[in-house]
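Colleague: For reference, this is entry-v6.txt, and it has compact mmCIF, C-alpha atoms.
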```txt
# COMPACT_ATOMS: atom_id res chain seq x y z
CA MET A 1 -30.96 14.68 10.05
CA SER A 2 -29.39 17.80 8.53
CA ASP A 3 -25.90 16.56 9.50
CA PHE A 4 -26.56 13.26 7.74
CA VAL A 5 -27.73 15.06 4.60
CA ASN A 6 -24.71 17.39 4.67
CA LYS A 7 -22.31 14.46 5.02
CA LYS A 8 -24.00 12.63 2.15
CA ASN A 9 -23.82 15.73 -0.04
CA MET A 10 -20.14 16.16 0.80
CA LYS A 11 -19.43 12.55 -0.18
CA LEU A 12 -21.31 12.95 -3.47
CA THR A 13 -19.43 16.18 -4.19
CA LYS A 14 -16.12 14.46 -3.48
CA VAL A 15 -17.00 11.59 -5.84
CA ALA A 16 -18.05 14.07 -8.53
CA TYR A 17 -14.77 15.98 -8.21
CA THR A 18 -12.82 12.72 -8.42
CA ILE A 19 -14.63 11.67 -11.60
CA VAL A 20 -14.16 15.11 -13.18
CA SER A 21 -10.43 15.09 -12.35
CA PHE A 22 -9.97 11.68 -13.98
CA ILE A 23 -11.88 12.77 -17.09
CA PHE A 24 -9.79 15.95 -17.26
CA ILE A 25 -6.53 13.98 -17.08
CA ILE A 26 -7.70 11.53 -19.77
CA VAL A 27 -8.77 14.37 -22.10
CA ILE A 28 -5.46 16.22 -21.67
CA TRP A 29 -3.56 12.97 -22.24
CA GLU A 30 -5.55 12.28 -25.41
CA LEU A 31 -4.99 15.79 -26.79
CA ILE A 32 -1.25 15.74 -26.09
CA ALA A 33 -0.83 12.31 -27.67
CA ARG A 34 -2.84 13.20 -30.79
CA PHE A 35 -1.80 16.75 -31.54
CA THR A 36 1.81 17.07 -30.36
CA SER A 37 5.10 15.38 -31.15
CA ALA A 38 4.71 13.41 -27.91
CA SER A 39 2.73 10.88 -29.99
CA ILE A 40 6.10 9.39 -30.99
CA PHE A 41 6.60 7.93 -27.54
CA LEU A 42 3.20 8.45 -25.82
CA PRO A 43 0.23 6.32 -26.96
CA SER A 44 -3.11 8.07 -26.75
CA ALA A 45 -5.47 7.46 -23.85
CA SER A 46 -8.05 5.86 -26.15
CA VAL A 47 -5.51 3.34 -27.48
CA VAL A 48 -4.23 2.43 -24.01
CA LEU A 49 -7.66 2.16 -22.40
CA THR A 50 -9.01 0.09 -25.31
CA ALA A 51 -6.05 -2.28 -25.01
CA PHE A 52 -6.49 -2.36 -21.23
CA PHE A 53 -10.13 -3.49 -21.41
CA ARG A 54 -9.31 -5.91 -24.23
CA SER A 55 -6.66 -7.52 -21.99
CA PHE A 56 -9.43 -8.90 -19.79
CA VAL A 57 -10.42 -11.09 -22.76
CA VAL A 58 -7.24 -11.38 -24.85
CA PRO A 59 -4.28 -12.82 -22.87
CA ILE A 60 -1.05 -10.92 -22.31
CA GLY A 61 1.49 -13.71 -22.33
CA LYS A 62 -0.25 -16.79 -20.96
CA TYR A 63 -3.01 -15.11 -18.99
CA THR A 64 -5.68 -12.41 -19.14
CA MET A 65 -5.47 -9.24 -17.06
CA ILE A 66 -7.71 -10.49 -14.26
CA PHE A 67 -5.30 -13.36 -13.54
CA HIS A 68 -2.29 -11.02 -13.63
CA ILE A 69 -4.01 -8.72 -11.12
CA LEU A 70 -5.06 -11.58 -8.84
CA ILE A 71 -1.58 -13.17 -8.73
CA SER A 72 -0.01 -9.80 -7.92
CA LEU A 73 -2.65 -9.16 -5.24
CA TYR A 74 -1.89 -12.58 -3.75
CA ARG A 75 1.80 -11.74 -3.50
CA VAL A 76 1.10 -8.32 -2.01
CA MET A 77 -1.44 -9.59 0.52
CA VAL A 78 0.85 -12.37 1.79
CA ALA A 79 3.78 -9.98 2.23
CA PHE A 80 1.53 -7.22 3.62
CA SER A 81 0.04 -9.57 6.22
CA ILE A 82 3.49 -10.63 7.45
CA ALA A 83 4.69 -7.01 7.45
CA THR A 84 1.61 -5.96 9.42
CA LEU A 85 2.17 -8.57 12.10
CA VAL A 86 5.91 -7.94 12.46
CA GLY A 87 5.66 -4.16 12.05
CA ILE A 88 2.95 -3.70 14.69
CA MET A 89 4.73 -5.91 17.20
CA LEU A 90 8.10 -4.24 16.63
CA GLY A 91 6.70 -0.71 16.48
CA VAL A 92 4.67 -0.96 19.68
CA ALA A 93 7.43 -2.76 21.57
CA THR A 94 10.08 -0.25 20.45
CA GLY A 95 7.87 2.73 21.25
CA TYR A 96 6.97 1.39 24.69
CA SER A 97 10.33 0.02 25.85
CA ARG A 98 13.28 2.38 26.07
CA LEU A 99 15.66 -0.59 26.11
CA LEU A 100 14.28 -2.01 22.87
CA GLU A 101 14.23 1.47 21.36
CA ALA A 102 17.92 1.90 22.13
CA ILE A 103 18.77 -1.49 20.60
CA ILE A 104 16.47 -1.69 17.57
CA LYS A 105 15.86 1.90 16.43
CA PRO A 106 19.45 2.59 15.21
CA LEU A 107 19.47 -0.66 13.21
CA PHE A 108 16.06 0.08 11.78
CA GLU A 109 17.02 3.64 10.80
CA PHE A 110 20.12 2.23 9.05
CA ILE A 111 18.13 -0.31 6.99
CA ARG A 112 15.06 1.86 6.37
CA PRO A 113 16.50 4.15 3.63
CA ILE A 114 17.54 1.18 1.47
CA PRO A 115 14.90 0.82 -1.28
CA PRO A 116 13.27 -2.61 -1.70
CA ILE A 117 14.59 -2.93 -5.26
CA ALA A 118 18.17 -2.81 -3.93
CA TRP A 119 17.50 -6.07 -2.08
CA ILE A 120 16.71 -8.02 -5.28
CA PRO A 121 20.18 -9.65 -5.65
CA LEU A 122 20.20 -10.74 -2.00
CA SER A 123 16.60 -11.93 -2.16
CA ILE A 124 17.53 -14.21 -5.06
CA LEU A 125 20.53 -15.59 -3.14
CA TRP A 126 18.54 -16.11 0.06
CA PHE A 127 15.17 -17.27 -1.28
CA GLY A 128 15.75 -18.35 -4.87
CA LEU A 129 13.65 -17.38 -7.88
CA GLY A 130 10.23 -18.40 -6.52
CA ASP A 131 7.53 -16.40 -4.79
CA GLN A 132 9.50 -16.25 -1.52
CA SER A 133 11.88 -13.66 -2.97
CA LYS A 134 8.93 -11.62 -4.21
CA PHE A 135 7.27 -11.80 -0.78
CA PHE A 136 10.51 -10.55 0.77
CA ILE A 137 10.82 -7.51 -1.53
CA ILE A 138 7.16 -6.52 -1.07
CA PHE A 139 7.49 -7.11 2.69
CA LEU A 140 10.32 -4.56 2.79
CA GLY A 141 8.15 -2.08 0.88
CA CYS A 142 5.40 -2.34 3.54
CA PHE A 143 7.33 -2.99 6.73
CA SER A 144 8.95 0.38 7.40
CA PHE A 145 5.72 2.40 7.05
CA ILE A 146 3.83 0.16 9.47
CA THR A 147 6.68 0.09 11.99
CA VAL A 148 7.30 3.86 11.96
CA ASN A 149 3.64 4.79 12.35
CA THR A 150 3.08 2.21 15.08
CA TYR A 151 6.18 3.43 16.88
CA ASP A 152 4.90 7.02 16.73
CA GLY A 153 1.55 5.85 18.10
CA ALA A 154 3.16 4.06 21.03
CA LYS A 155 5.38 7.08 21.80
CA ASN A 156 2.40 9.47 21.74
CA VAL A 157 0.22 7.59 24.20
CA ASP A 158 -1.02 9.99 26.88
CA PRO A 159 1.26 9.46 29.93
CA GLU A 160 -1.72 10.21 32.19
CA LEU A 161 -3.52 7.15 30.81
CA ILE A 162 -0.53 4.95 31.57
CA GLY A 163 -0.17 6.49 35.03
CA ALA A 164 -3.86 6.04 35.79
CA ALA A 165 -3.72 2.39 34.72
CA ARG A 166 -0.76 1.74 36.98
CA MET A 167 -2.45 3.51 39.89
CA LEU A 168 -5.43 1.19 39.44
CA GLY A 169 -3.13 -1.80 39.83
CA ALA A 170 -2.46 -2.73 36.21
CA ASN A 171 0.80 -4.58 35.60
CA GLU A 172 3.11 -3.84 32.66
CA ARG A 173 1.50 -6.51 30.47
CA GLN A 174 -1.97 -5.05 31.06
CA VAL A 175 -0.71 -1.52 30.43
CA PHE A 176 0.85 -2.66 27.16
CA PHE A 177 -2.15 -4.57 25.78
CA GLU A 178 -4.99 -2.52 27.26
CA VAL A 179 -3.62 1.03 27.06
CA VAL A 180 -0.63 1.37 24.72
CA LEU A 181 -1.78 -0.92 21.92
CA PRO A 182 -5.40 0.40 21.68
CA SER A 183 -4.15 4.01 21.78
CA SER A 184 -1.83 3.27 18.85
CA ILE A 185 -4.61 1.96 16.56
CA PRO A 186 -5.23 5.24 14.64
CA TYR A 187 -1.50 5.49 13.94
CA ILE A 188 -1.38 1.83 12.93
CA PHE A 189 -4.16 2.29 10.39
CA ALA A 190 -2.41 5.35 8.96
CA GLY A 191 0.66 3.18 8.46
CA LEU A 192 -1.38 0.36 6.95
CA GLN A 193 -2.95 2.70 4.41
CA ILE A 194 0.46 3.89 3.24
CA ALA A 195 1.98 0.41 3.41
CA VAL A 196 -0.65 -1.33 1.27
CA THR A 197 -0.12 1.12 -1.59
CA ALA A 198 3.67 1.00 -1.11
CA GLY A 199 3.54 -2.79 -1.23
CA TRP A 200 1.42 -2.67 -4.36
CA SER A 201 3.99 -0.33 -5.93
CA ALA A 202 6.83 -2.66 -4.90
CA VAL A 203 5.22 -5.51 -6.85
CA VAL A 204 6.81 -4.14 -10.04
CA GLY A 205 10.30 -4.59 -8.63
CA ALA A 206 9.35 -7.91 -7.03
CA GLU A 207 8.12 -9.34 -10.33
CA MET A 208 11.41 -8.48 -11.99
CA VAL A 209 12.63 -11.64 -10.24
CA ARG A 210 11.95 -14.48 -12.71
CA SER A 211 8.25 -14.08 -13.26
CA ASP A 212 5.84 -15.04 -16.05
CA GLU A 213 2.73 -13.39 -14.65
CA GLY A 214 1.55 -10.36 -12.66
CA VAL A 215 1.02 -6.69 -13.45
CA GLY A 216 4.67 -5.96 -12.70
CA TRP A 217 5.67 -8.61 -15.24
CA ILE A 218 3.42 -6.92 -17.84
CA ILE A 219 5.44 -3.71 -17.46
CA ILE A 220 8.83 -5.46 -17.46
CA ARG A 221 7.86 -7.56 -20.48
CA GLY A 222 6.60 -4.49 -22.32
CA MET A 223 9.91 -2.73 -21.63
CA ASN A 224 11.92 -5.73 -22.90
CA ILE A 225 10.04 -5.90 -26.20
CA GLY A 226 9.66 -2.13 -26.63
CA ASN A 227 5.85 -2.19 -26.37
CA THR A 228 4.86 1.17 -24.89
CA VAL A 229 1.15 0.34 -24.92
CA GLN A 230 1.73 -2.80 -22.84
CA ILE A 231 3.85 -0.83 -20.37
CA MET A 232 1.05 1.69 -19.91
CA ILE A 233 -1.57 -1.06 -19.62
CA GLY A 234 0.38 -2.38 -16.63
CA MET A 235 0.66 1.12 -15.20
CA VAL A 236 -3.10 1.67 -15.55
CA ALA A 237 -3.79 -1.65 -13.80
CA ILE A 238 -1.44 -0.75 -10.94
CA GLY A 239 -2.98 2.71 -10.62
CA ILE A 240 -6.59 1.47 -10.55
CA VAL A 241 -5.96 -1.36 -8.09
CA GLY A 242 -3.78 0.89 -5.90
CA PHE A 243 -6.55 3.49 -5.82
CA ILE A 244 -9.08 0.84 -4.78
CA LEU A 245 -6.77 -0.58 -2.08
CA ALA A 246 -6.09 2.87 -0.60
CA ASN A 247 -9.79 3.74 -0.44
CA LEU A 248 -10.70 0.32 0.92
CA THR A 249 -8.15 0.67 3.72
CA SER A 250 -9.43 4.16 4.46
CA TYR A 251 -13.01 2.87 4.61
CA ILE A 252 -12.05 0.06 7.02
CA GLU A 253 -10.24 2.59 9.20
CA ARG A 254 -13.30 4.86 9.33
CA ARG A 255 -15.51 1.92 10.29
CA LEU A 256 -13.22 0.48 12.96
CA CYS A 257 -11.93 3.79 14.33
CA ALA A 258 -15.14 5.81 14.30
CA TRP A 259 -14.58 6.48 17.99
CA ASN A 260 -11.35 8.31 17.16
CA GLU A 261 -13.04 10.55 14.58
CA GLN A 262 -15.73 11.42 17.08
CA ARG A 263 -13.12 12.26 19.69
CA VAL A 264 -11.22 14.50 17.24
CA ALA A 265 -14.48 16.20 16.23
```
Go ahead and express the file in the form of structure tokens.

Modeller:
Amino acid sequence: MSDFVNKKNMKLTKVAYTIVSFIFIIVIWELIARFTSASIFLPSASVVLTAFFRSFVVPIGKYTMIFHILISLYRVMVAFSIATLVGIMLGVATGYSRLLEAIIKPLFEFIRPIPPIAWIPLSILWFGLGDQSKFFIIFLGCFSFITVNTYDGAKNVDPELIGAARMLGANERQVFFEVVLPSSIPYIFAGLQIAVTAGWSAVVGAEMVRSDEGVGWIIIRGMNIGNTVQIMIGMVAIGIVGFILANLTSYIERRLCAWNEQRVA
């Protein structure tokens, strides 16, 4: 009972600290914008937040903020789902098979440092100006994090577990799916948590490709017309949704991988 109470108190304390830190940042932002020369190029927090909440009623372009967020989330979730499937398969296979590691890892390490935004010209040539090019750019933003973490998980599987499974008569397929893959799950979720926020960040670059909606478009449009408040509205939307996505992924990991936390404890 005391452990439960302590954990609950720790969670409440963490939430309180988070709220205080956000309030502190907003107050400092407001003071800097109002009482320094930064007001020339930095709108105050009150102006930006008022415009942000108004955007849920008053459209920016053709749509209100909720639609912009939902269309961007749709693009991110489609690309993230594909990246998750491909990244887990490639990461586990490369970490488990020395032959695949020798073939794929050098190519992956060559492509990995190239930022998603650098692929925009090729994405337009390959996929056109529709959502497919946006999916591709966001996919690249997610893919490497999932693959690397899954690869690390597969490489760090306890050799004694693999040896024990083989001694009990398990074939390579059973070892792969019943030992290597389950042991990699904590690493996979760590990669997913990073990837979902990276994909959400990549949406800005993705929506540079012929778009009329989305939070990335809000920022690009604000830049094109010199509207600093609109730029910061888009940034606030990306920050809030990214924060929610990261915490949601972390919560799902804690629920599904509770056994791993208990083992670490």

Colleague: Can you measure atom CA of A:Phe56 to atom CA of A:Ile218 for me? One decimal in Å is fine.

Modeller: 13.1 Å

Colleague: Find, counting all atoms listed in the file, the residue in A:Phe176, A:Phe139, A:Phe24, A:Tyr187 that gets nearest to A:Val86.

Modeller: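 Nearest to A:Val86: A:Phe139.
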
Colleague: Just the residues within 12 Å of A:Met235, please, counting only C-alpha atoms, with nothing from its chain fewer than 6 positions along; format it as JSON, numbers by chain.

Modeller: {"A": [48, 49, 52, 69, 200, 201, 203, 204, 214, 215, 216, 217, 218, 219, 220, 222, 223, 228, 229, 241, 242]}

Colleague: Might you pull out every residue within 10 Å of A:Trp29, with all atoms listed in the file counted and same-chain residues fewer than 5 positions away left off, and present them as a PyMOL selection string?

Modeller: chain A and resi 23-24+34+42-46

Colleague: Find the residues near A:Gly61: any atom within 8 Å, counting only C-alpha atoms, skip ones fewer than 3 places away on the same chain, and give them as a PyMOL selection string.

Modeller: chain A and resi 64+212-213

Colleague: How many Å separate atom CA of A:Ile194 from atom CA of A:Arg98?

Modeller: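 We find that atom CA of A:Ile194 and atom CA of A:Arg98 lie 26.2 Å from each other.
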
Colleague: Which residue out of A:Arg221, A:Lys11, A:Arg75, A:Arg254 has the minimum interatomic distance to A:Asp131 when only C-alpha atoms are used?

Modeller: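 With only C-alpha atoms as the atom set, the closest residue is A:Arg75.
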
Colleague: So what do you get for atom CA of A:Ile66 versus atom CA of A:Ala16, distance-wise?

Modeller: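 Atom CA of A:Ala16 lies at a distance of 27.3 Å from atom CA of A:Ile66.
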
Colleague: Between A:Pro121, A:Pro59, A:Gly141, A:Gly95, which has the minimum distance to A:Gln230 (counting all atoms listed in the file)?

Modeller: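 Once distances to A:Gln230 are computed over all atoms listed in the file, the minimum belongs to A:Pro59.
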
Colleague: If you count all atoms listed in the file, which residues fall within 12 Å of A:Glu160, apart from same-chain ones fewer than 6 positions away, as a short mmCIF file (atom, residue, chain, number, x, y, z; two decimals) with C-alpha atoms, in the coordinates of the input?

Modeller:
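And here is the file that came out, selection29.cif:
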```
data_model
loop_
_atom_site.label_atom_id
_atom_site.label_comp_id
_atom_site.auth_asym_id
_atom_site.auth_seq_id
_atom_site.Cartn_x
_atom_site.Cartn_y
_atom_site.Cartn_z
CA ARG A 166 -0.76 1.74 36.98
CA MET A 167 -2.45 3.51 39.89
CA VAL A 175 -0.71 -1.52 30.43
CA VAL A 179 -3.62 1.03 27.06
CA VAL A 180 -0.63 1.37 24.72
#
```

Colleague: Starting from the point (-1.1, 2.8, 9.0), work out which residues of protein, DNA or RNA have an atom no more than 9 Å away when counting all atoms listed in the file; state them as a list in words.

Modeller: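 In the file's frame, the residues around the point are Phe145, Ile146, Thr147, Val148, Asn149, Thr150, Ile185, Pro186, Tyr187, Ile188, Phe189, Ala190, Gly191, Leu192, Gln193, Ile194, Ala195 and Val196 of chain A.
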
Colleague: Between A:Ile233, A:Leu125, A:Ala154, A:Met208, single out the one closest to A:Val47, counting all atoms listed in the file.

Modeller: A:Ile233
